[in-house]
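Here is the structure we will look at, set down as structure tokens.
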Amino acid sequence: MKPAVTLAETRAPDGAPFTLVEHDGVFSLHSGGVQLESSFAHNGAAELGRLSAQPFRSARQPRILLAGLGLGYVLSGLRGALPQKRAVFQVAEPISDLPGWHRQHLASLHEGQLEDSRLIVRKQTLNDALRKNKEGWQALVIDADGTLPHPGVTDRGGIPHSSFLHRAHSSLKEGGLLAISCNAEHRTFERKVQRAGFDVIREVVPTSQKGKQKQRSTIWLARKGAYEQTRTFRGTSHK
């Protein structure tokens, strides 16, 4: 068996070690000894990006704010679904070393992704990005399953706070989308999102396209404005 190799290490905002590990061709991010994301089981992250983009395929200049770069699969899903030249993908990434890791160690995962002229990566928290931008966003995208907890946004279990849901609602343009991948109790979280003013559906997708696919990811799609009766979302959906 090949050994796991730590390719890079830094500190998360809370001071915990944050590492990039490679094992037999599989890359993973870890914090405090806990695996956050893996290139082996990346389908849930890619589907989060793709589903987040679907309502804006006809938009001339969709503006998308993504919480954290991770291993780049959410961003790749967004970019693949939104080829518009005037699209804007802004990533709020609090770990300054992570973009460099992508260029040095992870370039094979998403060739040329960080060179996309539509991409803006800023060293900031999601809350910082929301405070500094007053124009409004078409979509806010959070992979709470695969990234560090966001202070003031999610708890340590990755569940968004009610205060953030209300802030997100006011930061979105009419018809905008808050897309979150998180393992929340369905009925409780659905009511929580609805109280913030959203119309919400959820999609359940395989976390990985490899292996036996027993693990599933839940993606919440919260719309500022009502969903139409006929939806185009693919997957196991629940209203």
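Residues are named by chain letter and number: chains run A, B, ... in the order of the structure tokens, numbers start at 1 in each chain, and ligands are numbered from 1 in the order shown.
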Q: Can you check which residues of stretch 55-91 of chain A DSSP gives as alpha helix (DSSP H) on the backbone and send them as a PyMOL selection string?
A: chain A and resi 73-81
Could you please take those selected residues and save N, CA and C atoms as a compact mmCIF listing (two decimals), in the first residue's frame?
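Output file part32.txt follows:
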```txt
# COMPACT_ATOMS: atom_id res chain seq x y z
N TYR A 73 -14.03 21.57 -7.26
CA TYR A 73 -15.07 20.88 -8.01
C TYR A 73 -16.37 21.68 -8.11
N VAL A 74 -16.72 22.44 -7.08
CA VAL A 74 -17.92 23.28 -7.16
C VAL A 74 -17.71 24.35 -8.23
N LEU A 75 -16.56 25.00 -8.20
CA LEU A 75 -16.25 26.02 -9.19
C LEU A 75 -16.24 25.43 -10.60
N SER A 76 -15.68 24.25 -10.75
CA SER A 76 -15.66 23.59 -12.06
C SER A 76 -17.07 23.32 -12.57
N GLY A 77 -17.96 22.88 -11.67
CA GLY A 77 -19.35 22.65 -12.06
C GLY A 77 -20.04 23.93 -12.50
N LEU A 78 -19.77 25.02 -11.81
CA LEU A 78 -20.34 26.32 -12.17
C LEU A 78 -19.83 26.78 -13.53
N ARG A 79 -18.52 26.72 -13.72
CA ARG A 79 -17.92 27.19 -14.96
C ARG A 79 -18.39 26.37 -16.16
N GLY A 80 -18.52 25.07 -15.97
CA GLY A 80 -18.95 24.22 -17.06
C GLY A 80 -20.38 24.48 -17.49
N ALA A 81 -21.22 24.89 -16.53
CA ALA A 81 -22.63 25.11 -16.82
C ALA A 81 -22.92 26.53 -17.29
```
Q: Please identify which residues in stretch 78-207 of chain A DSSP calls strand (DSSP E or B) from the backbone, and express them as a PyMOL selection string.
A: chain A and resi 88-92+119-122+137-143+154+160+172-181+199-206
C-alpha atoms of the current selection, written as a PDB file, in the first residue's frame:
```
ATOM      1  CA  VAL A  88     -18.451  36.560 -12.811  1.00  0.00           C
ATOM      2  CA  PHE A  89     -17.348  33.852 -10.388  1.00  0.00           C
ATOM      3  CA  GLN A  90     -16.060  35.315  -7.138  1.00  0.00           C
ATOM      4  CA  VAL A  91     -14.553  33.022  -4.513  1.00  0.00           C
ATOM      5  CA  ALA A  92     -14.315  34.165  -0.899  1.00  0.00           C
ATOM      6  CA  LEU A 119     -12.760  34.274 -11.928  1.00  0.00           C
ATOM      7  CA  ILE A 120     -11.981  36.462  -8.922  1.00  0.00           C
ATOM      8  CA  VAL A 121     -10.410  34.836  -5.844  1.00  0.00           C
ATOM      9  CA  ARG A 122     -10.158  37.066  -2.796  1.00  0.00           C
ATOM     10  CA  TRP A 137     -25.702  38.374  -6.491  1.00  0.00           C
ATOM     11  CA  GLN A 138     -27.566  35.900  -8.659  1.00  0.00           C
ATOM     12  CA  ALA A 139     -26.317  33.004  -6.519  1.00  0.00           C
ATOM     13  CA  LEU A 140     -24.515  32.301  -3.251  1.00  0.00           C
ATOM     14  CA  VAL A 141     -22.982  28.805  -3.175  1.00  0.00           C
ATOM     15  CA  ILE A 142     -21.749  27.027  -0.034  1.00  0.00           C
ATOM     16  CA  ASP A 143     -20.345  23.504   0.153  1.00  0.00           C
ATOM     17  CA  THR A 154     -22.452  28.003   9.681  1.00  0.00           C
ATOM     18  CA  PRO A 160     -26.224  27.745   8.366  1.00  0.00           C
ATOM     19  CA  LEU A 172     -29.495  38.196  -3.485  1.00  0.00           C
ATOM     20  CA  LYS A 173     -31.225  39.788  -6.435  1.00  0.00           C
ATOM     21  CA  GLU A 174     -34.875  38.879  -6.994  1.00  0.00           C
ATOM     22  CA  GLY A 175     -34.949  35.355  -8.411  1.00  0.00           C
ATOM     23  CA  GLY A 176     -31.514  34.676  -6.914  1.00  0.00           C
ATOM     24  CA  LEU A 177     -30.451  31.368  -5.418  1.00  0.00           C
ATOM     25  CA  LEU A 178     -28.809  30.300  -2.173  1.00  0.00           C
ATOM     26  CA  ALA A 179     -27.365  26.826  -2.790  1.00  0.00           C
ATOM     27  CA  ILE A 180     -26.006  24.854   0.154  1.00  0.00           C
ATOM     28  CA  SER A 181     -24.715  21.309   0.473  1.00  0.00           C
ATOM     29  CA  ASP A 199     -38.877  28.977  -1.474  1.00  0.00           C
ATOM     30  CA  VAL A 200     -36.758  25.837  -1.061  1.00  0.00           C
ATOM     31  CA  ILE A 201     -36.308  22.429  -2.646  1.00  0.00           C
ATOM     32  CA  ARG A 202     -33.664  19.784  -2.050  1.00  0.00           C
ATOM     33  CA  GLU A 203     -31.764  17.417  -4.290  1.00  0.00           C
ATOM     34  CA  VAL A 204     -30.155  14.178  -3.099  1.00  0.00           C
ATOM     35  CA  VAL A 205     -27.211  13.055  -5.234  1.00  0.00           C
ATOM     36  CA  PRO A 206     -24.475  10.390  -4.966  1.00  0.00           C
TER      37      PRO A 206
END
```
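With only C-alpha atoms as the atoms that count, the residue of A:Trp220, A:Phe164, A:Trp101, A:Phe27 with the shortest distance to A:Leu69 is A:Trp101.
You will find atom CA of A:Ala67 at 18.2 Å from atom CA of A:Val193.
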Q: Name the closest residue to A:Asp116 among the candidates A:Gln84, A:Ser96, A:Ser162, A:Ser208; distances are taken between atoms, counting only C-alpha atoms.
A: A:Gln84
Q | Nearest to A:Asn133, chosen from A:Lys192, A:His102, A:Arg63, A:Arg57, with only C-alpha atoms counted in the distances | A | A:Arg63
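The spacing separating atom CA of A:Val5 from atom CA of A:Asp24 amounts to 9.1 Å.
Between A:Lys85 and the candidates A:Asn183, A:Ser28, A:Gln61, A:Gln104, the tightest atom-to-atom separation, counting only C-alpha atoms, involves A:Gln61.
With only C-alpha atoms taken into account, the protein and nucleic acid residues at most 12 Å from A:Arg11 (excluding it and anything under 4 positions from it in its own chain) are Gly15, Ala16, Pro17, Phe18, Thr19, Leu20, His30, Ser31, Gly32, Pro94, Ile95, Ser96, Asp97, Leu98 and Leu148 of chain A.
When only C-alpha atoms are used to compute distances to A:Lys134, the closest of the residues A:Gly146, A:Ser58, A:Ser171, A:Leu109 turns out to be A:Ser171.
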Q | Residue with smallest distance to A:Ala222 - pool A:Gly68, A:His23, A:Leu126, A:Ser52, counting only C-alpha atoms | A | A:Ser52
Q) Do you know which residues are at most 9 Å from A:Ala59 counting only C-alpha atoms, after dropping those on the same chain fewer than 3 positions away, and could you put them as a PyMOL selection string? A) chain A and resi 55-56+62+82+84+87
